[in-house]
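Asks: Here's a structure for you.
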Amino acid sequence: MSKGLGMTVGRTSRRRILRLAGGGLTMAALGAGLTGCEDELATGGEGSTPKPRDASPDNGKAPSEGGAPAPLWTTSTSAQTYGDNDELVAVDGVVIASGDPLAALDGATGKERWSLPGGAVPGAPLLLGDGTLYLASGAYDGNVIGYVPGSGKETWRSRLGKEYRQPRPIAVDGEQVYVIAEILEADGSSRTNVIAALNSTTGKVAWKEQRDLGTQQNGIHAAVRGRHLVYTDFKNNLTVRDTATGRQVWTQKTTKTSYGPFVVHQDLVIVPQGQRLQAFALFDGTEKWSVEAEEFALFREPSLVEGVLYIADSGRTLWALRPGTGKKVWQSTALKDASAQVPRQFVTAGGTLYAATDLDPQGGVHAIDARTGALRWTFNDRSGDHHAWLVATDGKRVYALHGKKLHALPV
């Protein structure tokens with residue numbers, strides 16, 4: 001959401017450029033400048049990853065000699081990521097990073113379990129729902145396909161229609177898969193897009209609604225809660241639709257930062273907007289609570305983990321909030337005190353909060369005491385790669401992706 005440390009207010013961040021590119025814009029001009037420095041890591045130079053430890057640190061704490069634990073394993077991947085949280089998932093004993101080919105690695109060993117030629121469409125999420133991994137077809141043939149995550153077996157397939165291009169799944173619930181697609185004109189161009197629901201059993205189209213002229217099919221983040229489908233886009237729209245009919249319940253313009261993840265909790269949708277974090281009623285969009293950061297500090301992306309809302313701001317303050325009220329559980333300046341980079345994604349395992357930082361070679365994965373906000377250690381592979389860090393967990397290990405290097409950290 002905000003651009004983090006070293007940002008200039010009003011400038012477009014490297015991460016946003018990458019995510020725009022992932023939504024369909026060219027990467028040709030960016031390729032040389034954004035290539036990760038992997039050779040030194042792979043050959044065991046000064047920036048190489050430490051050798052694996054024989055034992056895991058106790059409850060996520062740093063090893064006795066200080067510093068972060070060494071990974072249980074590290075491997076190179078086919079990852080093609082742009083900094084979105086849904087580009088790395090851990091499920092059914094495997095860990096999967098968006099890439100071509102799409103490879104599922106054994107969580108315990110890092111060995112490949114299965115791979116899918118064509119892989120995931122850049123910028124499209126690895127969407128998990130009801131034991132199925134939903135992907136936009138890497139063949140760009142208009143299909144949306146469901147797979148068993150643990151085996152890679154195809155179990156479901158749907159097609160919106162030949163008059164639509166590049167349907168991408170954005171959300172899923174127990175009955176439907178929700179997609180965004182371009183509407184094709186007679187000359188093959190597209191000026192509008194459609195949002196649609198596909199039945200997750202039959203693959204049939206349940207409903208489809210054309211979105212307003214000027215909206216984009218890229219940069220969508222979405223979530224489902226009961227009868228409400230919530231999504232944001234690059235055009236500063238926050239929109240809620242009825243999942244049964246596709247009817248728009250309400251929409252409103254957001255202010256500063258609406259192109260990243262948000263949180264839906266019970267009957268609230270919680271969206272960072274620059275210096276303010278706001279919670280709106282899911283039913284009508286009225287504001288229910290807000291929290292304000294210090295002057296000049298901008299809120300990053302929120303994560304709802306085990307009933308607590310975690311969020312950092314660009315002033316390096318870390319917040320733990322009650323999602324229903326916005327009241328503080330704790331507020332920590334440990335990142336500021338340690339001159340540590342600002343995180344933008346959070347998972348928990350073993351009583352420790354793991355937080356991944358944005359596009360910065362000095363960033364990494366922070367281990368934070370989930371009860372107090374105290375910083376325990378930071379893992380960095382010292383590769384110098386400018387890709388955003390991503391984290392996922394299966395409860396047994398924490399997986400940290402940096403560029404094309406995937407590390408399994410002990411819990």
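Naming works like this for the structure tokens: A, B, ... for the chains as they're shown, residue 1 at the start of each chain, ligands 1 onward in shown order.
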Pull the strand (DSSP E) assignments for stretch 152-401 of chain A out of DSSP run on the backbone, and list those residues as an NGL selection string.
Replies: :A and (154-159 or 164-172 or 176-183 or 192-199 or 205-210 or 221-225 or 228-232 or 237-242 or 248-253 or 263-265 or 268-273 or 276-281 or 287-292 or 303-305 or 308-312 or 318-321 or 328-332 or 343-349 or 352-357 or 365-369 or 375-379 or 389-393 or 397-401)
Asks: Keeping C-alpha atoms, export the residues of the selection given above as a CSV table (one decimal), in the first residue's frame.
Replies:
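The resulting selection-v3.csv:
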```csv
chain,number,residue,atom,x,y,z
A,154,GLU,CA,-6.9,-31.5,-12.7
A,155,THR,CA,-10.4,-31.7,-11.1
A,156,TRP,CA,-12.4,-28.8,-12.6
A,157,ARG,CA,-12.4,-26.6,-15.6
A,158,SER,CA,-14.6,-23.7,-16.8
A,159,ARG,CA,-14.7,-21.3,-19.7
A,164,TYR,CA,-14.1,-12.8,-23.3
A,165,ARG,CA,-10.3,-12.8,-23.0
A,166,GLN,CA,-7.9,-13.8,-20.2
A,167,PRO,CA,-10.4,-14.6,-17.4
A,168,ARG,CA,-8.6,-14.6,-14.0
A,169,PRO,CA,-9.9,-15.9,-10.8
A,170,ILE,CA,-10.0,-13.3,-8.0
A,171,ALA,CA,-11.9,-15.0,-5.2
A,172,VAL,CA,-13.6,-18.3,-4.2
A,176,GLN,CA,-18.5,-20.2,-6.8
A,177,VAL,CA,-15.3,-19.0,-8.4
A,178,TYR,CA,-15.2,-15.3,-9.2
A,179,VAL,CA,-13.4,-14.1,-12.2
A,180,ILE,CA,-12.5,-10.9,-14.1
A,181,ALA,CA,-12.1,-10.9,-17.9
A,182,GLU,CA,-11.7,-8.5,-20.8
A,183,ILE,CA,-14.7,-8.0,-23.1
A,192,THR,CA,-14.4,-2.9,-20.9
A,193,ASN,CA,-14.3,-5.9,-18.6
A,194,VAL,CA,-16.7,-8.2,-16.9
A,195,ILE,CA,-16.9,-9.8,-13.5
A,196,ALA,CA,-18.5,-13.2,-13.3
A,197,ALA,CA,-19.3,-16.1,-11.0
A,198,LEU,CA,-18.6,-19.7,-12.1
A,199,ASN,CA,-20.2,-22.6,-10.3
A,205,VAL,CA,-21.6,-19.4,-15.5
A,206,ALA,CA,-23.9,-18.4,-12.6
A,207,TRP,CA,-23.9,-14.7,-13.5
A,208,LYS,CA,-21.9,-12.0,-15.2
A,209,GLU,CA,-21.9,-8.2,-15.0
A,210,GLN,CA,-20.2,-5.7,-17.1
A,221,HIS,CA,-7.8,-7.8,-4.9
A,222,ALA,CA,-10.9,-9.5,-3.7
A,223,ALA,CA,-12.4,-11.4,-0.8
A,224,VAL,CA,-15.8,-13.1,-0.1
A,225,ARG,CA,-17.8,-12.9,3.1
A,228,HIS,CA,-20.8,-10.2,-0.3
A,229,LEU,CA,-17.9,-10.1,-2.8
A,230,VAL,CA,-15.5,-7.2,-2.0
A,231,TYR,CA,-12.8,-6.0,-4.3
A,232,THR,CA,-10.5,-3.1,-4.9
A,237,ASN,CA,-12.6,1.8,-6.3
A,238,LEU,CA,-13.8,-0.2,-3.3
A,239,THR,CA,-16.8,-2.2,-4.5
A,240,VAL,CA,-19.2,-4.8,-2.9
A,241,ARG,CA,-21.4,-7.1,-5.0
A,242,ASP,CA,-24.1,-9.6,-4.1
A,248,GLN,CA,-23.6,-4.0,-7.1
A,249,VAL,CA,-24.5,-3.4,-3.4
A,250,TRP,CA,-22.3,-0.3,-3.1
A,251,THR,CA,-19.1,1.3,-4.3
A,252,GLN,CA,-17.0,4.3,-3.3
A,253,LYS,CA,-13.8,5.9,-4.1
A,263,VAL,CA,-9.0,-7.4,5.3
A,264,VAL,CA,-12.6,-8.5,5.7
A,265,HIS,CA,-13.6,-9.4,9.2
A,268,LEU,CA,-16.4,-5.1,8.2
A,269,VAL,CA,-14.0,-4.4,5.3
A,270,ILE,CA,-10.7,-2.8,6.6
A,271,VAL,CA,-8.7,-0.7,4.1
A,272,PRO,CA,-5.5,1.3,4.6
A,273,GLN,CA,-5.8,4.8,3.1
A,276,ARG,CA,-5.6,6.3,8.1
A,277,LEU,CA,-6.8,2.8,8.5
A,278,GLN,CA,-10.5,2.6,8.0
A,279,ALA,CA,-13.2,0.0,8.6
A,280,PHE,CA,-16.4,0.2,6.6
A,281,ALA,CA,-19.7,-1.7,7.1
A,287,GLU,CA,-17.4,4.1,8.3
A,288,LYS,CA,-17.3,2.1,11.6
A,289,TRP,CA,-13.9,3.0,13.0
A,290,SER,CA,-10.6,4.4,12.0
A,291,VAL,CA,-7.0,4.5,13.3
A,292,GLU,CA,-4.5,7.2,12.4
A,303,SER,CA,-3.0,-9.1,7.6
A,304,LEU,CA,-5.7,-10.8,9.7
A,305,VAL,CA,-4.0,-13.7,11.5
A,308,VAL,CA,-5.6,-10.2,15.3
A,309,LEU,CA,-5.1,-7.4,12.7
A,310,TYR,CA,-1.4,-6.8,12.0
A,311,ILE,CA,-0.2,-3.8,10.1
A,312,ALA,CA,3.0,-1.7,9.8
A,318,LEU,CA,4.1,-2.1,14.0
A,319,TRP,CA,0.5,-2.3,15.1
A,320,ALA,CA,-1.6,-5.2,16.5
A,321,LEU,CA,-5.3,-4.3,16.5
A,328,LYS,CA,-4.7,-1.7,20.1
A,329,VAL,CA,-3.5,-5.0,21.4
A,330,TRP,CA,0.0,-3.5,21.3
A,331,GLN,CA,2.0,-1.0,19.4
A,332,SER,CA,5.7,-1.6,18.8
A,343,PRO,CA,7.1,-5.5,6.6
A,344,ARG,CA,4.0,-5.9,4.4
A,345,GLN,CA,2.9,-9.5,4.9
A,346,PHE,CA,2.4,-11.5,8.1
A,347,VAL,CA,1.9,-15.2,9.1
A,348,THR,CA,2.1,-16.8,12.5
A,349,ALA,CA,3.5,-20.2,13.6
A,352,THR,CA,5.9,-16.1,16.5
A,353,LEU,CA,4.8,-13.5,14.0
A,354,TYR,CA,6.7,-13.7,10.7
A,355,ALA,CA,6.7,-10.6,8.6
A,356,ALA,CA,8.1,-10.2,5.1
A,357,THR,CA,9.5,-6.9,3.8
A,365,VAL,CA,11.7,-11.9,7.1
A,366,HIS,CA,11.4,-10.6,10.6
A,367,ALA,CA,10.5,-12.9,13.5
A,368,ILE,CA,8.4,-11.0,16.0
A,369,ASP,CA,7.0,-11.9,19.4
A,375,LEU,CA,11.8,-8.2,17.3
A,376,ARG,CA,13.6,-11.5,17.8
A,377,TRP,CA,15.6,-11.8,14.6
A,378,THR,CA,15.6,-11.1,10.8
A,379,PHE,CA,16.5,-13.6,8.2
A,389,TRP,CA,10.0,-11.1,0.1
A,390,LEU,CA,7.0,-13.4,0.5
A,391,VAL,CA,6.1,-15.8,3.3
A,392,ALA,CA,3.8,-18.7,3.8
A,393,THR,CA,3.5,-21.4,6.5
A,397,ARG,CA,7.9,-24.5,8.7
A,398,VAL,CA,7.9,-21.0,7.4
A,399,TYR,CA,8.7,-20.6,3.7
A,400,ALA,CA,10.5,-17.4,2.6
A,401,LEU,CA,10.6,-16.6,-1.1
```
Asks: What is the atom CA of A:Gly315 to atom CA of A:Pro302 distance in Å?
Replies: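 So the answer is 15.2 Å.
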Asks: Check the smallest atom-to-atom distance from each of A:Arg382, A:Arg247, A:Lys153, A:Arg322 to A:Ser115 using only C-alpha atoms, then report the winner.
Replies: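 Of the candidates, the smallest distance to A:Ser115 is held by A:Lys153.
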Asks: Considering only alpha helix (DSSP H) as DSSP defines it on the backbone, what residues of stretch 217-395 of chain A qualify? List them as a list in words.
Replies: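 Assigned to alpha helix (DSSP H), within stretch 217-395 of chain A: Ala334, Leu335, Lys336 and Asp337 of chain A.
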Asks: Counting only C-alpha atoms, what is within 9 Å of stretch 74-90 of chain A, bar same-chain residues fewer than 4 positions away, as a PDB file with C-alpha atoms, in the first residue's frame?
Replies:
```pdb
ATOM      1  CA  ARG A  15       6.636  -2.784  -6.247  1.00  0.00           C
ATOM      2  CA  ARG A  16       3.647  -1.088  -7.876  1.00  0.00           C
ATOM      3  CA  ILE A  17       5.472  -1.002 -11.217  1.00  0.00           C
ATOM      4  CA  LEU A  18       6.116  -4.742 -10.884  1.00  0.00           C
ATOM      5  CA  ARG A  19       2.498  -5.443 -10.020  1.00  0.00           C
ATOM      6  CA  LEU A  20       1.252  -3.343 -12.925  1.00  0.00           C
ATOM      7  CA  ALA A  21       3.588  -5.332 -15.120  1.00  0.00           C
ATOM      8  CA  GLY A  22       2.230  -8.551 -13.656  1.00  0.00           C
ATOM      9  CA  ALA A  42      24.284 -20.269  -5.602  1.00  0.00           C
ATOM     10  CA  THR A  49      22.967 -18.815   2.646  1.00  0.00           C
ATOM     11  CA  PRO A  52      21.345 -25.744   7.628  1.00  0.00           C
ATOM     12  CA  VAL A  94       3.625 -28.739  -0.569  1.00  0.00           C
ATOM     13  CA  VAL A  95       4.762 -25.163  -1.116  1.00  0.00           C
ATOM     14  CA  ILE A  96       4.017 -23.499  -4.469  1.00  0.00           C
ATOM     15  CA  ALA A  97       5.371 -20.269  -5.903  1.00  0.00           C
ATOM     16  CA  SER A  98       3.837 -18.640  -8.969  1.00  0.00           C
ATOM     17  CA  GLY A  99       6.034 -19.380 -11.980  1.00  0.00           C
ATOM     18  CA  ASP A 100       6.564 -21.220 -15.254  1.00  0.00           C
ATOM     19  CA  PRO A 101       6.567 -24.140 -14.943  1.00  0.00           C
ATOM     20  CA  LEU A 102       4.421 -24.068 -11.829  1.00  0.00           C
ATOM     21  CA  ALA A 103       6.184 -26.384  -9.395  1.00  0.00           C
ATOM     22  CA  GLY A 107       7.488 -28.848   2.289  1.00  0.00           C
ATOM     23  CA  GLY A 110      12.187 -28.959  -1.057  1.00  0.00           C
ATOM     24  CA  LYS A 111      12.074 -31.745  -3.664  1.00  0.00           C
ATOM     25  CA  ALA A 120       0.584 -19.591 -13.592  1.00  0.00           C
ATOM     26  CA  PRO A 122       1.888 -13.600 -14.231  1.00  0.00           C
ATOM     27  CA  GLY A 123      -0.066 -11.366 -11.906  1.00  0.00           C
ATOM     28  CA  ALA A 124      -2.902 -13.862 -11.409  1.00  0.00           C
ATOM     29  CA  PRO A 125      -3.259 -15.328  -7.903  1.00  0.00           C
ATOM     30  CA  LEU A 126      -2.714 -18.864  -6.682  1.00  0.00           C
ATOM     31  CA  LEU A 127      -6.293 -19.092  -5.436  1.00  0.00           C
ATOM     32  CA  LEU A 128      -7.105 -21.734  -2.824  1.00  0.00           C
ATOM     33  CA  GLY A 260      -3.155  -3.808  -2.371  1.00  0.00           C
ATOM     34  CA  PRO A 261      -4.640  -6.383  -0.027  1.00  0.00           C
ATOM     35  CA  ARG A 344       4.008  -5.863   4.427  1.00  0.00           C
ATOM     36  CA  GLN A 345       2.906  -9.478   4.885  1.00  0.00           C
ATOM     37  CA  ASP A 358       9.073  -5.190   0.444  1.00  0.00           C
ATOM     38  CA  LEU A 359      11.523  -4.537  -2.376  1.00  0.00           C
ATOM     39  CA  HIS A 387      12.298  -8.656  -5.368  1.00  0.00           C
ATOM     40  CA  ALA A 388       9.801  -8.444  -2.538  1.00  0.00           C
ATOM     41  CA  TRP A 389       9.989 -11.135   0.122  1.00  0.00           C
ATOM     42  CA  LEU A 390       6.974 -13.435   0.454  1.00  0.00           C
ATOM     43  CA  VAL A 391       6.122 -15.761   3.345  1.00  0.00           C
ATOM     44  CA  ALA A 392       3.797 -18.714   3.820  1.00  0.00           C
ATOM     45  CA  THR A 393       3.521 -21.372   6.506  1.00  0.00           C
ATOM     46  CA  ASP A 394       2.086 -24.840   7.014  1.00  0.00           C
ATOM     47  CA  TYR A 399       8.669 -20.594   3.696  1.00  0.00           C
ATOM     48  CA  ALA A 400      10.451 -17.439   2.583  1.00  0.00           C
ATOM     49  CA  LEU A 401      10.642 -16.623  -1.123  1.00  0.00           C
ATOM     50  CA  GLY A 403      13.393 -13.716  -6.153  1.00  0.00           C
ATOM     51  CA  LYS A 404      13.932 -17.293  -7.300  1.00  0.00           C
ATOM     52  CA  LYS A 405      15.317 -18.593  -3.996  1.00  0.00           C
ATOM     53  CA  LEU A 406      12.946 -20.418  -1.678  1.00  0.00           C
ATOM     54  CA  HIS A 407      14.020 -21.039   1.917  1.00  0.00           C
ATOM     55  CA  ALA A 408      12.347 -23.263   4.523  1.00  0.00           C
TER      56      ALA A 408
END
```
